[in-house]
file final03.cif (mmCIF, C-alpha atoms)
data_protein
#
loop_
_atom_site.label_atom_id
_atom_site.label_comp_id
_atom_site.auth_asym_id
_atom_site.auth_seq_id
_atom_site.Cartn_x
_atom_site.Cartn_y
_atom_site.Cartn_z
CA MET A 125 52.48 1.65 4.17
CA THR A 126 50.66 -1.34 5.56
CA GLY A 127 51.28 -4.96 4.69
CA ASP A 128 47.67 -5.13 3.61
CA GLY A 129 48.03 -2.29 1.19
CA GLU A 130 50.86 -3.99 -0.66
CA ARG A 131 48.79 -6.98 -1.77
CA LEU A 132 45.92 -4.82 -2.89
CA VAL A 133 45.70 -2.64 -5.96
CA LEU A 134 43.31 -0.34 -4.14
CA ARG A 135 42.19 0.15 -0.57
CA ALA A 136 39.98 2.81 0.94
CA ALA A 137 39.12 3.31 4.60
CA GLY A 138 36.50 5.56 6.14
CA LEU A 139 36.01 7.48 2.93
CA THR A 140 33.60 10.38 3.36
CA LYS A 141 32.52 13.17 1.07
CA GLY A 142 30.30 16.04 2.08
CA PHE A 143 29.03 18.84 -0.11
CA ALA A 144 27.87 22.26 0.97
CA GLY A 145 24.43 22.40 -0.63
CA ASP A 146 22.01 25.33 -0.56
CA GLY A 147 22.68 26.18 3.06
CA VAL A 148 22.40 22.45 3.84
CA ALA A 149 25.39 20.15 4.22
CA VAL A 150 24.87 17.01 2.16
CA THR A 151 26.90 13.88 2.79
CA ALA A 152 27.23 11.83 -0.40
CA VAL A 153 29.53 9.11 0.92
CA ARG A 154 29.69 8.11 4.58
CA GLY A 155 32.66 6.13 5.80
CA ALA A 156 33.07 3.72 2.90
CA ASP A 157 35.65 0.94 3.22
CA LEU A 158 36.67 -1.16 0.28
CA ALA A 159 39.54 -3.20 -1.05
CA LEU A 160 40.40 -4.49 -4.50
CA LYS A 161 42.92 -7.28 -5.09
CA HIS A 162 45.16 -7.37 -8.13
CA GLY A 163 43.22 -8.84 -11.04
CA GLU A 164 39.87 -8.53 -9.34
CA PHE A 165 36.70 -7.18 -11.00
CA VAL A 166 34.45 -5.40 -8.50
CA ALA A 167 31.14 -3.69 -9.20
CA ILE A 168 29.67 -0.95 -7.02
CA THR A 169 25.92 -0.70 -7.34
CA GLY A 170 23.00 1.06 -5.73
CA PRO A 171 20.10 3.40 -6.50
CA SER A 172 20.73 6.79 -8.06
CA GLY A 173 21.88 9.24 -5.42
CA ALA A 174 23.52 6.47 -3.33
CA GLY A 175 26.94 8.07 -3.85
CA LYS A 176 28.36 5.59 -6.39
CA SER A 177 29.88 8.11 -8.78
CA THR A 178 31.20 10.31 -5.97
CA LEU A 179 32.94 7.27 -4.50
CA LEU A 180 34.49 6.32 -7.84
CA HIS A 181 35.59 9.90 -8.50
CA MET A 182 37.34 10.05 -5.13
CA LEU A 183 39.10 6.74 -5.85
CA GLY A 184 40.33 8.14 -9.16
CA GLY A 185 41.44 11.45 -7.67
CA LEU A 186 38.79 13.47 -9.51
CA GLU A 187 37.23 14.58 -6.22
CA ARG A 188 38.96 15.07 -2.90
CA PRO A 189 37.52 13.18 0.08
CA THR A 190 36.39 15.17 3.11
CA SER A 191 38.02 12.48 5.24
CA GLY A 192 39.35 8.95 4.95
CA GLU A 193 42.30 7.25 3.31
CA ILE A 194 43.01 5.87 -0.17
CA TRP A 195 45.90 3.55 -0.99
CA LEU A 196 46.77 2.79 -4.60
CA ASN A 197 49.09 -0.19 -5.02
CA GLY A 198 50.37 0.33 -1.48
CA GLN A 199 50.93 4.08 -1.81
CA ARG A 200 48.81 6.52 0.15
CA VAL A 201 47.26 8.91 -2.38
CA ASP A 202 44.37 10.79 -0.76
CA GLN A 203 46.66 13.67 0.23
CA LEU A 204 48.24 14.16 -3.19
CA SER A 205 48.03 17.47 -5.00
CA GLN A 206 45.92 17.68 -8.15
CA ALA A 207 49.09 17.75 -10.25
CA ARG A 208 50.45 14.57 -8.65
CA TRP A 209 47.07 12.88 -9.09
CA ALA A 210 47.08 13.85 -12.77
CA VAL A 211 50.45 12.15 -13.26
CA LEU A 212 49.25 9.08 -11.37
CA ARG A 213 46.13 8.83 -13.52
CA ARG A 214 48.01 9.21 -16.79
CA ARG A 215 50.44 6.44 -15.86
CA HIS A 216 48.45 3.98 -13.76
CA ILE A 217 44.70 4.47 -14.09
CA GLY A 218 42.30 4.00 -16.98
CA PHE A 219 38.94 5.78 -16.93
CA VAL A 220 35.78 4.90 -18.85
CA PHE A 221 32.83 7.28 -18.53
CA GLN A 222 29.16 7.05 -19.37
CA PHE A 223 29.41 9.66 -22.14
CA PHE A 224 32.66 8.34 -23.67
CA ASN A 225 34.49 11.72 -23.41
CA LEU A 226 36.54 11.19 -26.57
CA VAL A 227 38.41 14.13 -28.11
CA SER A 228 36.09 14.98 -30.98
CA ASN A 229 38.58 16.65 -33.32
CA MET A 230 41.06 13.77 -33.19
CA THR A 231 40.76 10.43 -34.96
CA VAL A 232 39.99 7.23 -33.07
CA ALA A 233 43.64 6.19 -33.46
CA ASP A 234 44.96 9.50 -32.12
CA ASN A 235 42.63 9.35 -29.12
CA VAL A 236 44.15 6.02 -28.15
CA GLU A 237 47.76 6.89 -29.02
CA LEU A 238 47.62 10.14 -27.08
CA ALA A 239 46.65 8.24 -23.92
CA ALA A 240 49.56 5.84 -24.46
CA ILE A 241 52.02 8.71 -24.95
CA MET A 242 50.70 10.49 -21.87
CA GLY A 243 51.25 7.23 -20.02
CA GLY A 244 54.93 7.32 -20.94
CA ALA A 245 55.10 5.38 -24.22
CA SER A 246 57.20 6.48 -27.21
CA ARG A 247 55.39 7.35 -30.46
CA LYS A 248 56.31 4.01 -31.90
CA GLN A 249 55.19 2.08 -28.82
CA ALA A 250 51.96 4.10 -28.74
CA GLN A 251 51.19 3.20 -32.34
CA ALA A 252 51.84 -0.49 -31.69
CA ARG A 253 49.67 -0.41 -28.58
CA ARG A 254 46.87 1.36 -30.47
CA GLU A 255 46.96 -1.22 -33.26
CA GLU A 256 46.87 -4.04 -30.74
CA LEU A 257 43.97 -2.58 -28.76
CA LEU A 258 41.81 -1.53 -31.70
CA GLY A 259 42.39 -4.97 -33.20
CA GLU A 260 41.33 -6.72 -29.98
CA LEU A 261 38.26 -4.56 -29.60
CA GLY A 262 37.24 -5.04 -33.23
CA LEU A 263 37.79 -1.44 -34.27
CA ALA A 264 40.82 -1.67 -36.57
CA ALA A 265 38.73 -0.54 -39.55
CA LYS A 266 37.61 2.61 -37.71
CA ALA A 267 41.10 3.79 -36.71
CA HIS A 268 41.09 6.85 -38.94
CA ALA A 269 37.47 7.86 -38.42
CA ALA A 270 36.33 10.77 -36.26
CA PRO A 271 34.60 9.59 -33.05
CA ALA A 272 31.34 11.30 -34.07
CA ARG A 273 31.08 8.96 -37.07
CA LEU A 274 30.86 5.95 -34.75
CA SER A 275 27.84 4.47 -32.95
CA GLY A 276 27.58 4.85 -29.16
CA GLY A 277 28.70 1.28 -28.63
CA GLU A 278 31.73 1.77 -30.89
CA GLN A 279 32.63 5.03 -29.14
CA GLN A 280 32.56 3.26 -25.79
CA ARG A 281 34.87 0.56 -27.20
CA VAL A 282 37.27 3.32 -28.29
CA ALA A 283 37.02 4.80 -24.78
CA LEU A 284 37.91 1.36 -23.39
CA ALA A 285 40.90 1.12 -25.75
CA ARG A 286 41.99 4.59 -24.64
CA ALA A 287 41.62 3.63 -20.98
CA MET A 288 43.75 0.52 -21.57
CA ALA A 289 46.42 2.35 -23.60
CA ASN A 290 48.71 2.98 -20.60
CA ARG A 291 48.40 -0.65 -19.37
CA PRO A 292 46.72 0.66 -16.21
CA LEU A 293 47.06 -0.89 -12.78
CA LEU A 294 43.40 -0.15 -12.33
CA LEU A 295 40.52 0.42 -14.73
CA LEU A 296 37.76 2.63 -13.31
CA ALA A 297 34.44 2.61 -15.16
CA ASP A 298 31.55 4.96 -14.33
CA GLU A 299 28.25 3.61 -15.76
CA PRO A 300 30.01 2.42 -18.93
CA THR A 301 26.78 0.96 -20.35
CA GLY A 302 24.53 3.73 -19.05
CA ASN A 303 24.14 5.38 -22.42
CA LEU A 304 24.02 2.25 -24.61
CA ASP A 305 21.21 0.05 -25.92
CA SER A 306 21.08 -3.49 -24.62
CA GLY A 307 22.98 -5.00 -27.58
CA ALA A 308 25.87 -2.53 -27.31
CA SER A 309 25.86 -2.94 -23.52
CA ARG A 310 26.40 -6.66 -23.89
CA VAL A 311 29.31 -6.10 -26.28
CA VAL A 312 31.01 -3.64 -23.90
CA LEU A 313 30.38 -5.94 -20.94
CA GLY A 314 31.83 -8.86 -22.91
CA LEU A 315 34.96 -6.81 -23.62
CA LEU A 316 35.30 -5.82 -19.95
CA ASN A 317 35.08 -9.52 -19.10
CA ARG A 318 37.78 -10.25 -21.64
CA VAL A 319 40.27 -7.67 -20.35
CA HIS A 320 39.49 -8.89 -16.83
CA ALA A 321 40.24 -12.47 -17.92
CA ASP A 322 43.62 -11.17 -19.12
CA GLY A 323 44.31 -9.98 -15.58
CA GLN A 324 43.05 -6.38 -15.61
CA SER A 325 41.86 -5.04 -12.23
CA ILE A 326 38.50 -3.32 -12.72
CA LEU A 327 36.30 -1.22 -10.47
CA LEU A 328 32.98 -0.45 -12.10
CA VAL A 329 30.03 1.64 -10.95
CA THR A 330 26.64 0.73 -12.36
CA HIS A 331 22.97 0.84 -11.51
CA ASP A 332 22.43 -2.05 -13.96
CA LEU A 333 22.45 -5.20 -11.85
CA ARG A 334 22.85 -7.44 -14.86
CA VAL A 335 26.15 -5.69 -15.55
CA ALA A 336 27.09 -5.82 -11.84
CA SER A 337 26.41 -9.55 -11.64
CA ALA A 338 29.27 -10.20 -14.10
CA ALA A 339 31.85 -9.00 -11.52
CA ASP A 340 33.80 -11.11 -9.00
CA ARG A 341 32.28 -9.11 -6.18
CA VAL A 342 29.31 -6.74 -5.87
CA ILE A 343 29.40 -3.89 -3.37
CA SER A 344 25.98 -2.40 -2.60
CA LEU A 345 25.90 1.24 -1.71
CA PHE A 346 22.86 2.74 -0.03
CA ASP A 347 22.59 6.30 1.17
CA GLY A 348 26.37 6.77 1.00
CA MET A 349 27.17 3.63 2.97
CA VAL A 350 28.40 0.19 1.97
CA VAL A 351 25.55 -2.09 3.01
CA ASP A 352 26.80 -5.31 1.44
CA ASP A 353 29.96 -6.71 -0.12
CA ALA A 354 29.03 -9.95 -1.84
CA PRO A 355 31.38 -12.36 -3.59
CA MET A 356 29.94 -13.76 -6.82
CA THR A 357 30.68 -17.21 -8.13
CA THR A 358 29.91 -18.75 -11.47
CA SER A 359 26.63 -20.68 -11.50
CA PRO A 360 26.29 -20.88 -7.73
CA HIS A 361 22.72 -22.14 -7.91
CA PRO A 362 22.58 -24.33 -10.98
CA THR A 363 19.66 -26.29 -9.57
CA SER A 364 17.48 -23.22 -9.15
CA LEU A 365 17.64 -22.31 -12.83
CA PRO A 366 14.93 -24.64 -14.14
CA ASP A 367 12.65 -23.18 -11.47
CA VAL A 368 13.15 -19.66 -12.69
CA LEU A 369 12.48 -20.83 -16.22
CA LYS A 370 9.54 -23.09 -15.51
CA LEU A 371 6.76 -22.39 -17.98
CA ARG A 372 3.22 -22.84 -16.88
CA GLY A 373 0.67 -23.70 -19.47
CA MET B 186 0.64 -29.12 -20.30
CA ARG B 187 -2.92 -29.34 -21.71
CA MET B 188 -2.92 -26.24 -23.87
CA PRO B 189 0.55 -26.65 -25.40
CA LEU B 190 -0.38 -30.19 -26.49
CA LEU B 191 -3.66 -28.97 -27.99
CA ALA B 192 -1.81 -26.19 -29.81
CA LEU B 193 0.64 -28.67 -31.33
CA LEU B 194 -2.22 -30.94 -32.41
CA ALA B 195 -3.94 -27.98 -34.08
CA LYS B 196 -1.29 -28.22 -36.78
CA GLU B 197 -1.59 -31.96 -37.46
CA PRO B 198 -2.39 -35.24 -35.74
CA ALA B 199 0.50 -36.78 -33.80
CA HIS B 200 1.39 -39.46 -31.30
CA GLY B 201 2.86 -38.92 -27.85
CA TYR B 202 6.54 -39.17 -28.71
CA GLU B 203 6.16 -36.78 -31.62
CA LEU B 204 4.58 -34.21 -29.28
CA LYS B 205 7.40 -34.64 -26.78
CA SER B 206 10.09 -34.10 -29.39
CA GLN B 207 8.27 -31.09 -30.83
CA LEU B 208 8.12 -29.47 -27.38
CA GLU B 209 11.82 -30.06 -26.96
CA LEU B 210 12.55 -28.72 -30.41
CA ILE B 211 10.60 -25.50 -29.88
CA PHE B 212 11.49 -24.71 -26.28
CA GLY B 213 14.93 -26.29 -26.03
CA GLU B 214 17.01 -25.32 -23.00
CA ALA B 215 14.22 -23.16 -21.67
CA TYR B 216 11.87 -26.03 -21.02
CA PRO B 217 12.36 -28.81 -18.51
CA ALA B 218 11.98 -31.92 -20.69
CA PRO B 219 8.40 -33.17 -20.31
CA ASN B 220 8.08 -36.74 -19.21
CA ILE B 221 6.40 -39.03 -21.71
CA GLY B 222 4.14 -40.54 -19.03
CA GLN B 223 2.81 -37.07 -18.22
CA ILE B 224 2.11 -36.45 -21.88
CA TYR B 225 0.12 -39.68 -22.24
CA VAL B 226 -1.88 -39.01 -19.07
CA THR B 227 -2.68 -35.50 -20.32
CA LEU B 228 -3.72 -36.83 -23.74
CA GLN B 229 -6.08 -39.34 -22.08
CA ARG B 230 -7.69 -36.58 -20.06
CA LEU B 231 -8.05 -34.38 -23.12
CA GLU B 232 -9.78 -37.30 -24.86
CA ARG B 233 -12.10 -37.85 -21.87
CA ASP B 234 -12.99 -34.13 -22.08
CA GLY B 235 -13.77 -34.43 -25.77
CA LEU B 236 -11.00 -32.10 -26.96
CA VAL B 237 -9.06 -34.78 -28.84
CA CYS B 238 -9.87 -38.16 -30.29
CA SER B 239 -7.49 -40.99 -31.05
CA GLN B 240 -7.09 -44.09 -33.15
CA ASP B 241 -4.60 -46.89 -33.30
CA VAL B 242 -2.48 -46.97 -36.40
CA VAL B 243 -1.33 -50.42 -37.36
CA GLN B 244 2.38 -50.73 -38.04
CA THR B 245 3.81 -53.84 -39.62
CA THR B 246 7.27 -53.96 -38.10
CA ARG B 247 6.56 -52.22 -34.79
CA PRO B 248 3.79 -52.12 -32.18
CA ASN B 249 0.71 -50.11 -33.09
CA LYS B 250 0.80 -46.43 -32.19
CA ARG B 251 -2.01 -44.24 -30.98
CA VAL B 252 -2.41 -41.07 -33.00
CA TYR B 253 -4.26 -38.13 -31.49
CA GLU B 254 -6.29 -35.61 -33.41
CA LEU B 255 -8.01 -32.39 -32.38
CA THR B 256 -11.83 -32.35 -32.24
CA ALA B 257 -13.84 -29.26 -33.20
CA ALA B 258 -14.22 -28.46 -29.49
CA GLY B 259 -10.46 -28.85 -29.08
CA ARG B 260 -9.77 -26.44 -31.91
CA GLU B 261 -12.11 -23.91 -30.36
CA ALA B 262 -10.39 -24.30 -26.98
CA VAL B 263 -6.96 -23.63 -28.54
CA ILE B 264 -8.14 -20.50 -30.31
CA GLU B 265 -9.81 -19.22 -27.16
CA TRP B 266 -6.63 -19.90 -25.14
CA ILE B 267 -4.36 -18.13 -27.65
CA ASP B 268 -6.66 -15.11 -27.96
CA LYS B 269 -7.19 -14.55 -24.23
CA PRO B 270 -4.77 -12.17 -22.48
CA SER B 271 -2.62 -13.99 -19.93
CA GLU B 272 -2.51 -13.29 -16.21
CA GLY B 273 -0.54 -10.18 -15.22
CA PRO B 274 2.49 -9.93 -12.93
CA ARG B 275 2.53 -12.46 -10.18
CA VAL B 276 3.68 -11.20 -6.81
CA ARG B 277 4.00 -14.64 -5.28
CA ASP B 278 6.51 -13.59 -2.85
CA GLU B 279 7.61 -15.78 -0.01
CA PHE B 280 10.47 -13.40 0.65
CA PHE B 281 8.07 -10.56 1.34
CA MET B 282 6.26 -12.70 3.93
CA LYS B 283 9.60 -13.34 5.62
CA LEU B 284 10.47 -9.66 5.56
CA ALA B 285 7.13 -8.66 7.05
CA LEU B 286 7.01 -11.40 9.67
CA SER B 287 10.67 -11.71 10.72
CA PRO B 288 10.29 -9.56 13.88
CA MET B 289 7.62 -11.96 15.12
CA ALA B 290 10.04 -14.83 14.81
CA GLY B 291 12.57 -12.84 16.84
CA THR B 292 14.92 -12.28 13.91
CA SER B 293 14.50 -8.64 13.09
CA ASP B 294 17.68 -8.18 11.05
CA ARG B 295 15.86 -7.02 7.97
CA LEU B 296 18.96 -5.55 6.34
CA GLY B 297 20.61 -8.97 6.61
CA LEU B 298 17.51 -10.57 5.13
CA ILE B 299 17.48 -8.13 2.22
CA ASN B 300 21.21 -8.61 1.60
CA ARG B 301 20.94 -12.38 1.56
CA GLN B 302 18.03 -12.20 -0.88
CA ARG B 303 19.92 -9.73 -3.07
CA ARG B 304 22.92 -12.08 -3.21
CA HIS B 305 20.65 -14.94 -4.21
CA TYR B 306 18.99 -12.92 -6.98
CA LEU B 307 22.34 -11.59 -8.22
CA ALA B 308 23.70 -15.12 -8.44
CA GLN B 309 20.64 -16.19 -10.43
CA LEU B 310 20.96 -13.12 -12.62
CA ARG B 311 24.56 -14.03 -13.38
CA SER B 312 23.70 -17.65 -14.20
CA LEU B 313 20.86 -16.56 -16.48
CA SER B 314 23.02 -13.94 -18.21
CA GLU B 315 25.62 -16.61 -18.91
CA LEU B 316 22.90 -18.94 -20.17
CA ALA B 317 21.52 -16.19 -22.43
CA VAL B 318 24.92 -15.88 -24.12
CA GLU B 319 25.16 -19.64 -24.70
CA VAL B 320 21.66 -20.12 -26.08
CA ASP B 321 21.25 -19.19 -29.73
CA ARG B 322 17.73 -20.29 -30.46
CA ARG B 323 15.15 -17.58 -30.43
CA ILE B 324 12.32 -19.04 -28.33
CA PRO B 325 14.47 -20.25 -25.41
CA LYS B 326 16.52 -17.04 -25.56
CA LEU B 327 13.39 -14.92 -25.24
CA LEU B 328 12.23 -16.89 -22.21
CA ILE B 329 15.63 -16.45 -20.55
CA GLU B 330 15.57 -12.71 -21.31
CA GLY B 331 12.12 -12.56 -19.70
CA ALA B 332 13.39 -14.33 -16.57
CA ILE B 333 16.27 -11.82 -16.43
CA LEU B 334 13.90 -8.85 -16.62
CA HIS B 335 11.71 -10.34 -13.87
CA LEU B 336 14.78 -10.80 -11.66
CA GLN B 337 15.81 -7.20 -12.31
CA ALA B 338 12.34 -6.08 -11.22
CA ASP B 339 12.62 -8.25 -8.09
CA LEU B 340 15.96 -6.60 -7.33
CA ASP B 341 14.43 -3.13 -7.80
CA TRP B 342 11.67 -4.13 -5.45
CA LEU B 343 14.22 -5.27 -2.85
CA GLN B 344 15.74 -1.81 -3.09
CA ARG B 345 12.30 -0.31 -2.52
CA CYS B 346 11.83 -2.54 0.55
CA GLN B 347 15.22 -1.46 1.80
CA GLU B 348 14.34 2.23 1.50
CA ASP B 349 11.28 1.63 3.65
CA PHE B 350 12.52 -0.77 6.28
CA VAL B 351 16.09 0.33 6.92
#

call {"tool": "encode", "arguments": {"input": "final03.cif", "output": "structure tokens"}}
result
Amino acid sequence: MTGDGERLVLRAAGLTKGFAGDGVAVTAVRGADLALKHGEFVAITGPSGAGKSTLLHMLGGLERPTSGEIWLNGQRVDQLSQARWAVLRRRHIGFVFQFFNLVSNMTVADNVELAAIMGGASRKQAQARREELLGELGLAAKAHAAPARLSGGEQQRVALARAMANRPLLLLADEPTGNLDSGASRVVLGLLNRVHADGQSILLVTHDLRVASAADRVISLFDGMVVDDAPMTTSPHPTSLPDVLKLRG
Amino acid sequence: MRMPLLALLAKEPAHGYELKSQLELIFGEAYPAPNIGQIYVTLQRLERDGLVCSQDVVQTTRPNKRVYELTAAGREAVIEWIDKPSEGPRVRDEFFMKLALSPMAGTSDRLGLINRQRRHYLAQLRSLSELAVEVDRRIPKLLIEGAILHLQADLDWLQRCQEDFV
């Protein structure tokens, strides 16, 4: 365990993933390094096929790297068995996917409570956590509905509540607005900003640069490699705004 | 500045300050406040060109004010302006010149150039997105949304440049 790793919620070094294609070896991620501090919101962006999702899946233990190291909260995790990874995810990681992935034959409330229980909460604690989260995300009235009765934007808010149910160390989001219209995207992005403001560490993959620009840091991935790691600040160029908006008439 | 002033005068005669406050009212945050001197200079030129005419209105308690009114030619010019399609996308890109010419200046780090430009655009995108949330009025909001979409296209284009040059 390195001193570095202890101050970071996530660190990856030299992460590589190759796939055996149709007789051709394809490398999706080539030697990616990244680090995420506690409470930080980082976006990974890049064109489709750049390796964004593969990178995120490796960081969440859904795919095993071909080589490289992953440290979660100071613990080395890239060598863990699938079963150990599953336990780690249930307790310490929240996942939000593009297509929501809610359990369709359970109510909204049960989807969220199940995640809390899997994360180690008692039934009573899980119910309290569910009420808190659905309240915060404006979904209290939908608690007993089936997910299919909800709009896409509402389903993604439920998915966010589910991901937050275990009070995760790290929230991983894979194109969370990729399947939403612009209005619903803004709502989900606003909620991500809110949980981040409350201290949640977030790593988000998106091809939507407007979504990415809301993060503390934007990592650009190109052809499987990190080509830029840019800190973002609020209103860094206030004087250039009028220029962008200048009407000519 | 000419055509917006003519368009406002098409509704009713007005004096310079009224035009200034109407512009501010319609465009709000999205429009850099026009300077009253500029407005008067523009009105004088429009009068010289026969598109507006003016007369002094006598006020008892205050100095006289000059009220401008559209002429028939002015009305025609407004209608023609509104009806004509506007210029298409403008690729006025200084960045592209830099990207193309950087090796000649001995700085051939094009990836660095692209990254710096991306950071600049991302920062602008963030500022505009924050502005879009704050602004409620429809006309300024639409202009900000337009600026955001243009920036997104510029960022896509950067990616296209990157594919080719790197």

call {"tool": "closest_atom_pairs", "arguments": {"input": "final03.cif", "of": "chain B", "to": "chain A", "cutoff": "6 Å", "atoms": "all atoms listed in the file", "output": "Markdown table"}}
result
| residue | atom | partner | partner_atom | distance |
| --- | --- | --- | --- | --- |
| B:Met186 | CA | A:Gly373 | CA | 5.5 |
| B:Leu307 | CA | A:Ser337 | CA | 5.7 |
| B:Arg311 | CA | A:Ser337 | CA | 5.1 |
| B:Ser312 | CA | A:Ser359 | CA | 5.0 |

call {"tool": "atom_distance", "arguments": {"input": "final03.cif", "atom1": "CA of Lys141 in chain A", "atom2": "CA of Phe221 in chain A"}}
result
20.5 Å

call {"tool": "residues_around", "arguments": {"input": "final03.cif", "residues": "Arg295 in chain B", "least_positions_apart": "3", "cutoff": "9 Å", "atoms": "all atoms listed in the file", "output": "number ranges by chain"}}
result
B: 284-285, 287-288, 292, 298-300, 347, 350-351

call {"tool": "residues_around", "arguments": {"input": "final03.cif", "residues": "range 257-263 of chain B", "least_positions_apart": "2", "cutoff": "7 Å", "atoms": "only C-alpha atoms", "output": "list in words"}}
result
Met188, Leu191, Ala192, Ala195, Leu236, Val237, Leu255, Glu265, Trp266 and Ile267 of chain B

call {"tool": "write_last_selection", "arguments": {"input": "final03.cif", "atoms": "C-alpha atoms", "output": "PDB file, keeping the file's coordinate frame"}}
result
ATOM      1  CA  MET B 188      -2.920 -26.240 -23.870  1.00  0.00           C
ATOM      2  CA  LEU B 191      -3.660 -28.970 -27.990  1.00  0.00           C
ATOM      3  CA  ALA B 192      -1.810 -26.190 -29.810  1.00  0.00           C
ATOM      4  CA  ALA B 195      -3.940 -27.980 -34.080  1.00  0.00           C
ATOM      5  CA  LEU B 236     -11.000 -32.100 -26.960  1.00  0.00           C
ATOM      6  CA  VAL B 237      -9.060 -34.780 -28.840  1.00  0.00           C
ATOM      7  CA  LEU B 255      -8.010 -32.390 -32.380  1.00  0.00           C
ATOM      8  CA  GLU B 265      -9.810 -19.220 -27.160  1.00  0.00           C
ATOM      9  CA  TRP B 266      -6.630 -19.900 -25.140  1.00  0.00           C
ATOM     10  CA  ILE B 267      -4.360 -18.130 -27.650  1.00  0.00           C
TER      11      ILE B 267
END

call {"tool": "resolve_selection", "arguments": {"input": "final03.cif", "expression": "the PyMOL selection byres ((chain A and resi 154-164) around 9)", "output": "PyMOL selection string"}}
result
chain A and resi 129+131-142+151-153+165-166+175+179+191-192+197+293-294+320-327+339-341+343+345+347-350+353

call {"tool": "atom_distance", "arguments": {"input": "final03.cif", "atom1": "CA of Gly262 in chain A", "atom2": "CA of Leu284 in chain A"}}
result
11.8 Å

call {"tool": "build_atoms", "arguments": {"input": "final03.cif", "residues": "range 254-269 of chain B", "atoms": "N, CA and C atoms", "output": "mmCIF file, in the frame of the given file"}}
result
data_model
loop_
_atom_site.group_PDB
_atom_site.id
_atom_site.type_symbol
_atom_site.label_atom_id
_atom_site.label_comp_id
_atom_site.auth_asym_id
_atom_site.auth_seq_id
_atom_site.Cartn_x
_atom_site.Cartn_y
_atom_site.Cartn_z
ATOM 1 N N GLU B 254 -5.837 -36.631 -32.471
ATOM 2 C CA GLU B 254 -6.290 -35.610 -33.410
ATOM 3 C C GLU B 254 -7.223 -34.655 -32.676
ATOM 4 N N LEU B 255 -7.164 -33.396 -33.038
ATOM 5 C CA LEU B 255 -8.010 -32.390 -32.380
ATOM 6 C C LEU B 255 -9.467 -32.556 -32.817
ATOM 7 N N THR B 256 -10.403 -32.404 -31.868
ATOM 8 C CA THR B 256 -11.830 -32.350 -32.240
ATOM 9 C C THR B 256 -12.182 -30.889 -32.503
ATOM 10 N N ALA B 257 -13.396 -30.637 -32.972
ATOM 11 C CA ALA B 257 -13.840 -29.260 -33.200
ATOM 12 C C ALA B 257 -13.809 -28.475 -31.889
ATOM 13 N N ALA B 258 -14.243 -29.119 -30.805
ATOM 14 C CA ALA B 258 -14.220 -28.460 -29.490
ATOM 15 C C ALA B 258 -12.787 -28.141 -29.090
ATOM 16 N N GLY B 259 -11.880 -29.060 -29.407
ATOM 17 C CA GLY B 259 -10.460 -28.850 -29.080
ATOM 18 C C GLY B 259 -9.910 -27.649 -29.827
ATOM 19 N N ARG B 260 -10.261 -27.550 -31.104
ATOM 20 C CA ARG B 260 -9.770 -26.440 -31.910
ATOM 21 C C ARG B 260 -10.271 -25.101 -31.357
ATOM 22 N N GLU B 261 -11.524 -25.116 -30.938
ATOM 23 C CA GLU B 261 -12.110 -23.910 -30.360
ATOM 24 C C GLU B 261 -11.378 -23.520 -29.062
ATOM 25 N N ALA B 262 -11.079 -24.546 -28.258
ATOM 26 C CA ALA B 262 -10.390 -24.300 -26.980
ATOM 27 C C ALA B 262 -9.007 -23.686 -27.213
ATOM 28 N N VAL B 263 -8.294 -24.168 -28.245
ATOM 29 C CA VAL B 263 -6.960 -23.630 -28.540
ATOM 30 C C VAL B 263 -7.058 -22.170 -28.937
ATOM 31 N N ILE B 264 -8.010 -21.885 -29.830
ATOM 32 C CA ILE B 264 -8.140 -20.500 -30.310
ATOM 33 C C ILE B 264 -8.510 -19.563 -29.171
ATOM 34 N N GLU B 265 -9.405 -20.032 -28.301
ATOM 35 C CA GLU B 265 -9.810 -19.220 -27.160
ATOM 36 C C GLU B 265 -8.607 -18.966 -26.239
ATOM 37 N N TRP B 266 -7.805 -20.011 -26.023
ATOM 38 C CA TRP B 266 -6.630 -19.900 -25.140
ATOM 39 C C TRP B 266 -5.610 -18.894 -25.702
ATOM 40 N N ILE B 267 -5.340 -19.024 -27.017
ATOM 41 C CA ILE B 267 -4.360 -18.130 -27.650
ATOM 42 C C ILE B 267 -4.838 -16.685 -27.596
ATOM 43 N N ASP B 268 -6.138 -16.484 -27.838
ATOM 44 C CA ASP B 268 -6.660 -15.110 -27.960
ATOM 45 C C ASP B 268 -6.817 -14.400 -26.617
ATOM 46 N N LYS B 269 -6.918 -15.159 -25.538
ATOM 47 C CA LYS B 269 -7.190 -14.550 -24.230
ATOM 48 C C LYS B 269 -5.909 -13.964 -23.626
#
